[in-house]
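Coordinates as given in upload09.cif (mmCIF, C-alpha atoms and all ligand atoms):
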```
data_query
loop_
_atom_site.label_atom_id
_atom_site.label_comp_id
_atom_site.auth_asym_id
_atom_site.auth_seq_id
_atom_site.Cartn_x
_atom_site.Cartn_y
_atom_site.Cartn_z
CA MET A 1 73.89 67.10 102.16
CA ALA A 2 75.54 70.30 103.40
CA THR A 3 76.36 72.73 100.63
CA THR A 4 80.04 72.89 101.55
CA GLU A 5 80.30 69.13 101.27
CA ILE A 6 78.90 69.34 97.77
CA ALA A 7 81.47 71.86 96.67
CA THR A 8 84.49 70.19 98.21
CA LYS A 9 83.88 66.96 96.32
CA ALA A 10 86.32 67.99 93.62
CA LYS A 11 89.65 66.20 94.08
CA PRO A 12 92.55 68.27 95.43
CA ARG A 13 95.83 68.30 93.48
CA ALA A 14 98.42 65.88 94.80
CA LYS A 15 101.42 67.76 96.15
CA ASP A 16 104.01 65.91 94.11
CA GLU A 17 101.99 65.95 90.88
CA LYS A 18 103.93 67.19 87.85
CA PRO A 19 102.63 70.41 86.28
CA ASP A 20 101.44 68.81 83.03
CA ASP A 21 104.70 69.61 81.22
CA LEU A 22 103.43 73.12 80.67
CA PRO A 23 106.15 75.69 79.97
CA LYS A 24 107.58 77.33 83.06
CA GLU A 25 106.77 80.79 81.65
CA MET A 26 103.14 79.84 81.27
CA LEU A 27 102.87 78.50 84.82
CA LEU A 28 104.48 81.62 86.25
CA ASP A 29 102.24 83.81 84.11
CA MET A 30 99.21 81.97 85.47
CA TYR A 31 100.44 82.70 88.99
CA TRP A 32 101.05 86.34 88.14
CA GLN A 33 97.60 86.81 86.64
CA MET A 34 95.94 85.32 89.71
CA LEU A 35 98.02 87.41 92.08
CA ARG A 36 97.62 90.76 90.31
CA SER A 37 93.86 90.32 90.31
CA ARG A 38 93.85 89.56 94.03
CA ARG A 39 95.89 92.65 94.92
CA LEU A 40 93.71 94.88 92.76
CA ASP A 41 90.58 93.31 94.21
CA GLU A 42 91.81 93.96 97.77
CA ARG A 43 92.52 97.57 96.85
CA ALA A 44 89.00 97.98 95.48
CA TRP A 45 87.50 96.83 98.80
CA VAL A 46 89.60 99.45 100.60
CA LEU A 47 88.43 102.15 98.19
CA HIS A 48 84.85 101.16 98.90
CA ARG A 49 85.31 101.20 102.68
CA GLN A 50 87.00 104.60 102.36
CA GLY A 51 83.83 105.85 100.68
CA LYS A 52 85.67 106.65 97.46
CA ILE A 53 83.73 104.27 95.20
CA ALA A 54 80.10 103.19 95.29
CA PHE A 55 80.33 99.48 94.49
CA HIS A 56 82.68 96.56 94.10
CA ILE A 57 81.98 92.94 93.23
CA SER A 58 84.86 90.68 94.05
CA ALA A 59 86.55 87.69 92.42
CA MET A 60 88.46 86.58 95.51
CA GLY A 61 88.52 82.80 95.55
CA HIS A 62 87.63 82.50 91.85
CA GLU A 63 91.11 83.25 90.49
CA ALA A 64 92.02 79.67 89.59
CA SER A 65 88.66 78.98 87.94
CA GLN A 66 89.09 81.95 85.64
CA ILE A 67 92.80 81.87 84.91
CA GLY A 68 92.73 78.13 84.23
CA ALA A 69 89.90 78.77 81.78
CA VAL A 70 91.29 81.77 79.95
CA PHE A 71 94.70 80.18 79.43
CA ALA A 72 92.98 77.40 77.47
CA LEU A 73 91.74 79.96 74.92
CA ARG A 74 93.48 81.75 72.09
CA ARG A 75 93.16 85.15 73.67
CA GLY A 76 92.08 87.92 71.32
CA HIS A 77 90.94 85.33 68.78
CA ASP A 78 88.21 83.47 70.66
CA TYR A 79 85.12 85.25 71.96
CA VAL A 80 84.37 85.69 75.64
CA VAL A 81 81.03 86.65 77.15
CA PRO A 82 81.86 86.97 80.84
CA TYR A 83 79.88 87.67 84.00
CA TYR A 84 80.45 90.30 86.63
CA ARG A 85 82.82 88.20 88.78
CA ASP A 86 85.38 87.79 85.99
CA LEU A 87 88.06 90.33 86.99
CA PRO A 88 91.01 87.87 86.80
CA MET A 89 89.83 86.64 83.42
CA MET A 90 89.44 90.17 82.11
CA LEU A 91 92.93 91.18 83.27
CA ALA A 92 94.40 88.13 81.55
CA LEU A 93 92.49 89.11 78.41
CA GLY A 94 94.07 92.53 78.37
CA LEU A 95 91.93 94.80 80.50
CA THR A 96 94.44 96.98 82.33
CA PRO A 97 94.25 97.70 86.05
CA ARG A 98 93.85 101.35 85.05
CA ASP A 99 90.84 100.44 82.87
CA PHE A 100 89.33 98.59 85.82
CA CYS A 101 89.85 101.45 88.26
CA ILE A 102 88.48 103.97 85.78
CA GLY A 103 85.34 101.82 85.88
CA LEU A 104 85.24 101.78 89.69
CA PHE A 105 85.28 105.56 89.74
CA GLY A 106 82.99 106.00 86.69
CA LYS A 107 85.60 108.14 85.00
CA ARG A 108 86.04 109.11 81.38
CA GLY A 109 87.45 106.51 78.98
CA GLU A 110 86.16 103.41 80.74
CA PRO A 111 86.30 100.72 78.02
CA SER A 112 83.21 98.61 78.81
CA SER A 113 80.52 101.22 78.33
CA GLY A 114 82.16 104.62 78.65
CA ALA A 115 81.25 104.36 82.38
CA ARG A 116 77.53 104.06 81.57
CA GLN A 117 77.11 100.77 83.41
CA MET A 118 78.02 99.69 86.92
CA PRO A 119 81.61 98.52 87.46
CA SER A 120 82.44 94.97 86.34
CA HIS A 121 79.95 94.91 83.48
CA TRP A 122 82.80 93.95 81.20
CA GLY A 123 83.19 94.63 77.51
CA LEU A 124 86.49 94.90 75.66
CA ARG A 125 86.30 95.05 71.91
CA ARG A 126 90.05 94.65 71.37
CA ALA A 127 89.91 91.29 73.19
CA ASN A 128 86.62 90.02 71.65
CA VAL A 129 84.84 90.42 74.95
CA VAL A 130 81.19 91.17 74.38
CA THR A 131 79.56 93.49 76.86
CA THR A 132 77.05 92.09 79.32
CA SER A 133 74.11 93.55 81.17
CA SER A 134 72.89 93.14 84.74
CA PRO A 135 70.12 90.51 84.47
CA VAL A 136 71.92 87.26 85.20
CA ALA A 137 72.11 84.62 82.42
CA THR A 138 71.29 87.02 79.59
CA GLN A 139 74.87 86.50 78.42
CA ILE A 140 74.21 82.83 77.66
CA PRO A 141 71.99 83.20 74.56
CA HIS A 142 74.36 85.94 73.37
CA ALA A 143 77.29 83.55 73.56
CA ALA A 144 75.31 80.79 71.84
CA GLY A 145 74.42 83.26 69.08
CA ILE A 146 78.07 84.21 68.68
CA ALA A 147 79.01 80.53 68.50
CA PHE A 148 76.33 80.07 65.84
CA ALA A 149 77.86 82.91 63.82
CA ILE A 150 81.33 81.39 64.22
CA LYS A 151 80.02 78.11 62.85
CA LEU A 152 78.21 79.77 59.92
CA ARG A 153 81.37 81.67 59.01
CA GLY A 154 83.52 78.57 59.31
CA ASP A 155 85.93 80.28 61.73
CA ASP A 156 88.10 78.22 64.05
CA ARG A 157 87.10 80.33 67.05
CA VAL A 158 85.22 79.28 70.16
CA ALA A 159 82.84 81.25 72.37
CA LEU A 160 83.31 80.98 76.13
CA THR A 161 80.69 82.27 78.51
CA CYS A 162 80.75 82.31 82.31
CA ILE A 163 77.99 82.19 84.88
CA GLY A 164 77.41 81.44 88.56
CA GLU A 165 75.63 78.26 89.65
CA GLY A 166 72.62 80.17 90.97
CA SER A 167 72.02 81.87 87.65
CA THR A 168 71.68 78.50 85.93
CA SER A 169 68.12 78.54 87.33
CA GLN A 170 67.27 81.18 84.73
CA GLY A 171 65.45 80.19 81.55
CA GLU A 172 68.08 81.83 79.36
CA TRP A 173 70.68 79.33 80.54
CA TYR A 174 68.56 76.40 79.34
CA GLU A 175 67.73 78.10 76.06
CA GLY A 176 71.34 78.95 75.28
CA LEU A 177 72.76 75.53 76.16
CA ASN A 178 70.02 73.72 74.28
CA TRP A 179 70.64 75.82 71.17
CA ALA A 180 74.39 75.23 71.40
CA ALA A 181 73.88 71.46 71.67
CA VAL A 182 71.27 71.21 68.91
CA HIS A 183 73.56 73.03 66.47
CA LYS A 184 76.82 71.49 67.79
CA LEU A 185 78.29 74.91 68.32
CA PRO A 186 81.83 75.84 69.38
CA PHE A 187 80.45 76.96 72.73
CA ILE A 188 81.69 76.45 76.29
CA CYS A 189 79.76 77.40 79.39
CA LEU A 190 81.98 77.72 82.45
CA VAL A 191 79.86 77.59 85.58
CA GLN A 192 81.76 79.01 88.54
CA ASN A 193 80.02 77.20 91.35
CA ASN A 194 80.81 79.11 94.52
CA VAL A 195 77.99 77.46 96.51
CA TYR A 196 75.89 80.61 96.97
CA ALA A 197 73.79 82.95 94.89
CA ILE A 198 74.09 85.91 97.24
CA SER A 199 72.43 84.26 100.29
CA VAL A 200 70.81 81.28 98.54
CA PRO A 201 72.83 78.06 98.87
CA MET A 202 73.17 75.66 95.99
CA ASP A 203 70.89 73.01 97.49
CA LYS A 204 68.00 75.51 97.45
CA GLN A 205 68.76 76.21 93.81
CA MET A 206 68.82 72.70 92.33
CA ALA A 207 68.12 69.09 93.33
CA VAL A 208 71.26 67.67 91.72
CA PRO A 209 74.73 67.72 93.32
CA ASN A 210 76.48 69.07 90.21
CA VAL A 211 75.36 71.64 87.65
CA ALA A 212 77.33 69.55 85.15
CA ASP A 213 74.91 66.63 85.71
CA ARG A 214 72.39 68.54 83.60
CA ALA A 215 74.64 68.49 80.54
CA ALA A 216 73.39 65.04 79.54
CA ALA A 217 69.87 66.42 79.19
CA PHE A 218 71.09 68.93 76.62
CA GLY A 219 73.18 66.35 74.82
CA MET A 220 76.63 67.72 75.59
CA PRO A 221 79.52 66.61 77.83
CA GLY A 222 79.48 67.90 81.41
CA VAL A 223 82.74 68.13 83.34
CA VAL A 224 83.40 68.90 87.00
CA VAL A 225 86.77 70.38 87.91
CA ASP A 226 88.32 71.63 91.14
CA GLY A 227 87.89 75.37 90.67
CA ASN A 228 90.57 76.16 93.24
CA ASP A 229 93.19 74.26 91.26
CA VAL A 230 94.25 76.32 88.27
CA LEU A 231 95.83 73.38 86.46
CA ALA A 232 92.77 71.17 86.91
CA VAL A 233 90.61 73.92 85.43
CA TYR A 234 93.09 74.41 82.60
CA ARG A 235 93.02 70.70 81.75
CA GLY A 236 89.22 70.51 81.76
CA MET A 237 88.88 73.65 79.73
CA LYS A 238 91.60 72.69 77.24
CA ALA A 239 89.76 69.46 76.46
CA ALA A 240 86.54 71.44 75.94
CA VAL A 241 88.27 74.00 73.70
CA ASP A 242 89.90 71.27 71.62
CA LEU A 243 86.51 69.59 71.12
CA ALA A 244 84.84 72.86 70.14
CA ARG A 245 87.58 73.82 67.70
CA ALA A 246 87.43 70.38 66.10
CA GLY A 247 83.72 70.90 65.35
CA GLU A 248 82.65 68.43 68.04
CA GLY A 249 80.27 70.83 69.76
CA PRO A 250 79.78 72.42 73.18
CA THR A 251 80.81 71.47 76.70
CA LEU A 252 79.51 72.45 80.12
CA VAL A 253 82.44 72.88 82.52
CA GLU A 254 81.66 73.29 86.20
CA ALA A 255 84.43 74.68 88.41
CA LYS A 256 83.74 74.04 92.11
CA THR A 257 84.97 77.00 94.08
CA TYR A 258 83.98 79.45 96.82
CA ARG A 259 83.85 83.20 97.19
CA VAL A 260 85.68 84.00 100.40
CA VAL A 261 84.21 87.50 100.72
CA PRO A 262 80.62 88.76 100.62
CA HIS A 263 78.71 88.71 97.33
CA SER A 264 79.44 92.39 96.77
CA SER A 265 80.42 95.45 98.75
CA ASP A 266 76.72 95.76 99.72
CA ASP A 267 76.21 92.30 101.23
CA ASP A 268 76.75 91.08 104.81
CA ASP A 269 77.48 87.38 104.49
CA ARG A 270 77.38 86.80 108.27
CA SER A 271 73.60 86.50 107.97
CA TYR A 272 73.73 83.29 105.90
CA ARG A 273 77.03 81.45 106.45
CA SER A 274 79.29 80.67 109.37
CA ARG A 275 82.76 82.10 109.86
CA ASP A 276 84.03 78.56 110.30
CA GLU A 277 82.87 77.65 106.83
CA VAL A 278 84.64 80.65 105.30
CA GLU A 279 87.84 79.95 107.24
CA GLU A 280 87.79 76.33 106.11
CA TRP A 281 87.68 77.42 102.48
CA LYS A 282 90.42 80.01 102.96
CA LYS A 283 92.76 77.11 103.68
CA ARG A 284 92.18 76.09 100.06
CA ASP A 285 92.84 79.57 98.71
CA PRO A 286 93.64 79.07 95.01
CA ILE A 287 96.65 81.38 95.04
CA LEU A 288 98.08 79.74 98.13
CA LEU A 289 97.57 76.27 96.61
CA PHE A 290 99.25 77.18 93.35
CA ARG A 291 102.11 78.98 95.10
CA THR A 292 102.78 75.90 97.22
CA HIS A 293 102.65 73.72 94.13
CA LEU A 294 105.08 75.93 92.19
CA GLU A 295 107.42 76.07 95.17
CA SER A 296 107.39 72.27 95.39
CA GLN A 297 108.32 72.20 91.70
CA GLY A 298 111.21 74.61 92.28
CA LEU A 299 109.60 77.25 90.07
CA LEU A 300 108.91 79.80 92.79
CA THR A 301 111.37 80.93 95.47
CA PRO A 302 110.77 83.29 98.41
CA VAL A 303 112.59 86.07 96.51
CA LEU A 304 110.45 85.60 93.42
CA ILE A 305 107.27 85.48 95.50
CA ASP A 306 108.13 88.84 97.10
CA ASP A 307 109.03 90.27 93.72
CA TYR A 308 105.71 89.26 92.17
CA ASP A 309 103.87 90.63 95.17
CA ALA A 310 105.65 93.99 95.04
CA ARG A 311 104.86 94.29 91.33
CA ALA A 312 101.19 93.44 91.89
CA VAL A 313 100.85 96.01 94.69
CA ALA A 314 102.65 98.69 92.63
CA GLU A 315 100.42 98.02 89.64
CA ALA A 316 97.28 98.37 91.75
CA GLU A 317 98.52 101.58 93.38
CA ASP A 318 99.35 103.07 90.00
CA ALA A 319 95.88 102.22 88.71
CA VAL A 320 94.11 103.77 91.69
CA LYS A 321 96.15 106.96 91.44
CA PHE A 322 95.51 107.18 87.73
CA ALA A 323 91.75 106.75 88.19
CA GLU A 324 91.52 109.19 91.09
CA GLU A 325 93.18 111.86 88.98
CA ALA A 326 91.23 111.10 85.78
CA PRO A 327 88.39 113.42 84.68
CA TYR A 328 84.71 112.50 84.76
CA PRO A 329 82.89 112.31 81.42
CA ASP A 330 81.75 115.72 80.23
CA ALA A 331 78.04 116.49 80.69
CA SER A 332 77.76 116.98 76.92
CA GLU A 333 78.55 113.26 76.51
CA ALA A 334 75.69 112.11 78.75
CA ALA A 335 73.59 110.58 75.97
CA TYR A 336 76.61 109.03 74.29
CA PRO A 337 77.30 106.32 73.18
CA VAL A 338 73.93 104.96 72.18
CA TYR A 339 73.81 103.39 68.74
CA ALA A 340 76.53 102.34 66.32
CA GLU A 341 79.19 104.70 67.56
CA GLU A 342 82.64 103.84 68.84
CA ILE A 343 83.19 104.48 72.53
CA ARG A 344 85.34 107.57 72.77
CA LYS A 345 88.76 107.22 74.27
C1 LIG B 401 67.46 88.13 86.46
C2 LIG B 401 68.16 88.59 87.70
N1 LIG B 401 67.67 88.24 88.90
C3 LIG B 401 68.31 88.65 90.04
C4 LIG B 401 69.43 89.42 89.96
C5 LIG B 401 70.15 89.86 91.22
N2 LIG B 401 71.37 89.09 91.35
C6 LIG B 401 72.57 89.57 90.96
S1 LIG B 401 73.80 88.50 91.21
C7 LIG B 401 72.76 87.35 91.86
C8 LIG B 401 73.28 86.03 92.37
C9 LIG B 401 73.87 85.19 91.32
O1 LIG B 401 74.49 84.09 91.93
P1 LIG B 401 75.36 83.09 91.10
O2 LIG B 401 74.77 82.89 89.76
O3 LIG B 401 75.58 81.88 91.92
O4 LIG B 401 76.72 83.88 90.87
P2 LIG B 401 77.75 84.40 91.97
O5 LIG B 401 77.38 85.83 92.26
O6 LIG B 401 77.63 83.52 93.15
O7 LIG B 401 79.10 84.32 91.34
C10 LIG B 401 71.45 87.82 91.88
C11 LIG B 401 70.31 87.06 92.40
C12 LIG B 401 69.90 89.78 88.66
N3 LIG B 401 70.99 90.52 88.50
N4 LIG B 401 69.25 89.34 87.56
MG MG B 402 77.21 81.44 93.09
#
```
The structure given in the file should be rewritten as structure tokens.
Ligand SMILES: Cc1ncc(C[n+]2csc(CCOP(=O)(O)OP(=O)(O)O)c2C)c(N)n1
Ligand SMILES: [Mg+2]
Amino acid sequence: MATTEIATKAKPRAKDEKPDDLPKEMLLDMYWQMLRSRRLDERAWVLHRQGKIAFHISAMGHEASQIGAVFALRRGHDYVVPYYRDLPMMLALGLTPRDFCIGLFGKRGEPSSGARQMPSHWGLRRANVVTTSSPVATQIPHAAGIAFAIKLRGDDRVALTCIGEGSTSQGEWYEGLNWAAVHKLPFICLVQNNVYAISVPMDKQMAVPNVADRAAAFGMPGVVVDGNDVLAVYRGMKAAVDLARAGEGPTLVEAKTYRVVPHSSDDDDRSYRSRDEVEEWKKRDPILLFRTHLESQGLLTPVLIDDYDARAVAEAEDAVKFAEEAPYPDASEAAYPVYAEEIRK
């Protein structure tokens, strides 16, 4: 089976479907969070091509998977252990565009690591986001450990962790999910299945059509959702969060999506996938789909759409300007922070 066929199996949202009786403000906020990430993401690519920053890893195409997921959480209360592609999720959790751009430029005050790591190695203490490192899947046992601590303390929190489908080939993924299932932890693993792990397609990564099919082997529910449909992701995630908070244990949620740009600023995707395939997926752009849906519900008008767009562009421009003008860390801070010290503002 072709890899694209696998990923498109998720059911598209019917045009006349009602938006789950969710409050209008929440639906519009979902749209805003997806849009502001996209505009910032586009700006980061331009900065890279201008030679102003060294690296960018993009979330374009993943906006619905992440915003649907994060809106199902109690933000600032639950724990999140993200992966590098989680820009929309991080913005919705409270990372500011300025924080993000400070990271792109490696400037002073970057909240994840004081600019000690590459960009997009998220950490945000004020939002209960635990910092991650570069080896893929190492975040999974961390999240399972956090969920174990939540259970021992008797908190009503949940721990969400994110990962790409390719990284589920790592041993840590199996270890973390197994631990979470054995101890019935308030743990959710959101797999953002975008069909590729850099150049390696999903069918070279696993012999099953869905990552979620493996959930049964751990002893937890596995759910497949359309990762380009923000409301479908929200529904799937909300059910998982409700289960976890009720003490019913972990869930594996797989959001089927696609990254419409190369893996990172340093990848040429023309060597492993056709332009036709990319163009086909762009027709199911998650922001476009949600915009059309909100318009059909009378919640978005052309004037509002332009207004949101202008705000998103202005916010990104402000962040870039702020980061360009910000100072680099002082040389005297080079060995800081190492152990048990707060990151300096
Ligand atoms: C242990 C380890 N092996 C290899 C890499 C290099 N690497 C970084 S991202 C990546 C692909 C991951 O693909 P996937 O999990 O599908 O996530 P996606 O980037 O597609 O969102 C690889 C191989 C790494 N960071 N860590
Ligand atoms: Mg992938």
>> With all atoms listed in the file as the counted atoms, please give the residues lying no more than 6 Å from range 324-334 of chain A, apart from itself and same-chain residues fewer than 2 positions off, as a ChimeraX atom specification.
In response: /A:107-108,321-322,336
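The space separating CA of Arg270 in chain A from CA of Ile198 in chain A comes to 11.5 Å.
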> Please, which residues are within 9 Å of (98.1, 80.5, 90.6) by the file's coordinates, counting all atoms listed in the file, and could they come as a PyMOL selection string?
Replying inline: chain A and resi 27-35+63-64+67-68+229-231+286-291+293-294
>> Any residue with an atom at most 10 Å from ligand MG 402 (chain B) counts, using only C-alpha atoms and all ligand atoms. Which are they? Put them as a PyMOL selection string.
In response: chain A and resi 85+163-168+191-202+205+256-259+263
Keeping C-alpha atoms, export the residues of the selection given above as an mmCIF file, keeping the file's coordinate frame.
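Result went into again.cif, see below:
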```
data_model
loop_
_atom_site.group_PDB
_atom_site.id
_atom_site.type_symbol
_atom_site.label_atom_id
_atom_site.label_comp_id
_atom_site.auth_asym_id
_atom_site.auth_seq_id
_atom_site.Cartn_x
_atom_site.Cartn_y
_atom_site.Cartn_z
ATOM 1 C CA ARG A 85 82.820 88.200 88.780
ATOM 2 C CA ILE A 163 77.990 82.190 84.880
ATOM 3 C CA GLY A 164 77.410 81.440 88.560
ATOM 4 C CA GLU A 165 75.630 78.260 89.650
ATOM 5 C CA GLY A 166 72.620 80.170 90.970
ATOM 6 C CA SER A 167 72.020 81.870 87.650
ATOM 7 C CA THR A 168 71.680 78.500 85.930
ATOM 8 C CA VAL A 191 79.860 77.590 85.580
ATOM 9 C CA GLN A 192 81.760 79.010 88.540
ATOM 10 C CA ASN A 193 80.020 77.200 91.350
ATOM 11 C CA ASN A 194 80.810 79.110 94.520
ATOM 12 C CA VAL A 195 77.990 77.460 96.510
ATOM 13 C CA TYR A 196 75.890 80.610 96.970
ATOM 14 C CA ALA A 197 73.790 82.950 94.890
ATOM 15 C CA ILE A 198 74.090 85.910 97.240
ATOM 16 C CA SER A 199 72.430 84.260 100.290
ATOM 17 C CA VAL A 200 70.810 81.280 98.540
ATOM 18 C CA PRO A 201 72.830 78.060 98.870
ATOM 19 C CA MET A 202 73.170 75.660 95.990
ATOM 20 C CA GLN A 205 68.760 76.210 93.810
ATOM 21 C CA LYS A 256 83.740 74.040 92.110
ATOM 22 C CA THR A 257 84.970 77.000 94.080
ATOM 23 C CA TYR A 258 83.980 79.450 96.820
ATOM 24 C CA ARG A 259 83.850 83.200 97.190
ATOM 25 C CA HIS A 263 78.710 88.710 97.330
#
```
>> List as a list of chain:residue names the protein and nucleic acid residues near range 70-77 of chain A, meaning an atom at most 7 Å away when only C-alpha atoms are counted, but skip any in the same chain fewer than 5 places from it.
In response: A:Met89, A:Leu93, A:Ala127, A:Asn128, A:Arg157, A:Tyr234, A:Met237, A:Lys238, A:Val241
Could the residues in this selection be written to a file with C-alpha atoms, as a PDB file, in the coordinates of the input?
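selection38.pdb was written with the following content:
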```pdb
ATOM      1  CA  MET A  89      89.830  86.640  83.420  1.00  0.00           C
ATOM      2  CA  LEU A  93      92.490  89.110  78.410  1.00  0.00           C
ATOM      3  CA  ALA A 127      89.910  91.290  73.190  1.00  0.00           C
ATOM      4  CA  ASN A 128      86.620  90.020  71.650  1.00  0.00           C
ATOM      5  CA  ARG A 157      87.100  80.330  67.050  1.00  0.00           C
ATOM      6  CA  TYR A 234      93.090  74.410  82.600  1.00  0.00           C
ATOM      7  CA  MET A 237      88.880  73.650  79.730  1.00  0.00           C
ATOM      8  CA  LYS A 238      91.600  72.690  77.240  1.00  0.00           C
ATOM      9  CA  VAL A 241      88.270  74.000  73.700  1.00  0.00           C
TER      10      VAL A 241
END
```
Six-sided padding of 3 Å per side, axis-aligned box over ligand LIG 401 (chain B), centre and edges in Å, one decimal, as AutoDock Vina command-line options:
```
--center_x 73.3 --center_y 86.2 --center_z 89.8 --size_x 17.6 --size_y 14.6 --size_z 12.7
```
> So which one's closest to Leu95 in chain A, A:Phe55, A:Phe187, A:Trp122, A:Tyr83? Using all atoms listed in the file, please.
Replying inline: A:Trp122
> Can you list, as JSON, numbers by chain, every protein, DNA or RNA residue that comes within 12 Å of Leu47 in chain A when you count all atoms listed in the file, leaving out same-chain residues fewer than 6 positions away?
Replying inline: {"A": [40, 41, 53, 54, 55, 56, 101, 104, 105, 265, 316, 317, 320, 321, 323, 324]}
> Can you list, as a ChimeraX atom specification, every protein, DNA or RNA residue that comes within 6 Å of range 248-255 of chain A when you count only C-alpha atoms, leaving out same-chain residues fewer than 3 positions away?
Replying inline: /A:184-193,212,220-227,240,243-244
>> Using Å and a single decimal, report how far CA of Pro82 in chain A sits from atom O6 of ligand LIG 401 (chain B).
In response: 13.5 Å
>> Which residues are close to Gly103 in chain A, i.e. within 9 Å by only C-alpha atoms, leaving aside same-chain residues fewer than 2 positions away? Reply as a PyMOL selection string.
In response: chain A and resi 98-101+105-115+117-120+323
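Reported to one decimal place, the separation of CA of Asn228 in chain A from CA of His62 in chain A is 7.1 Å.
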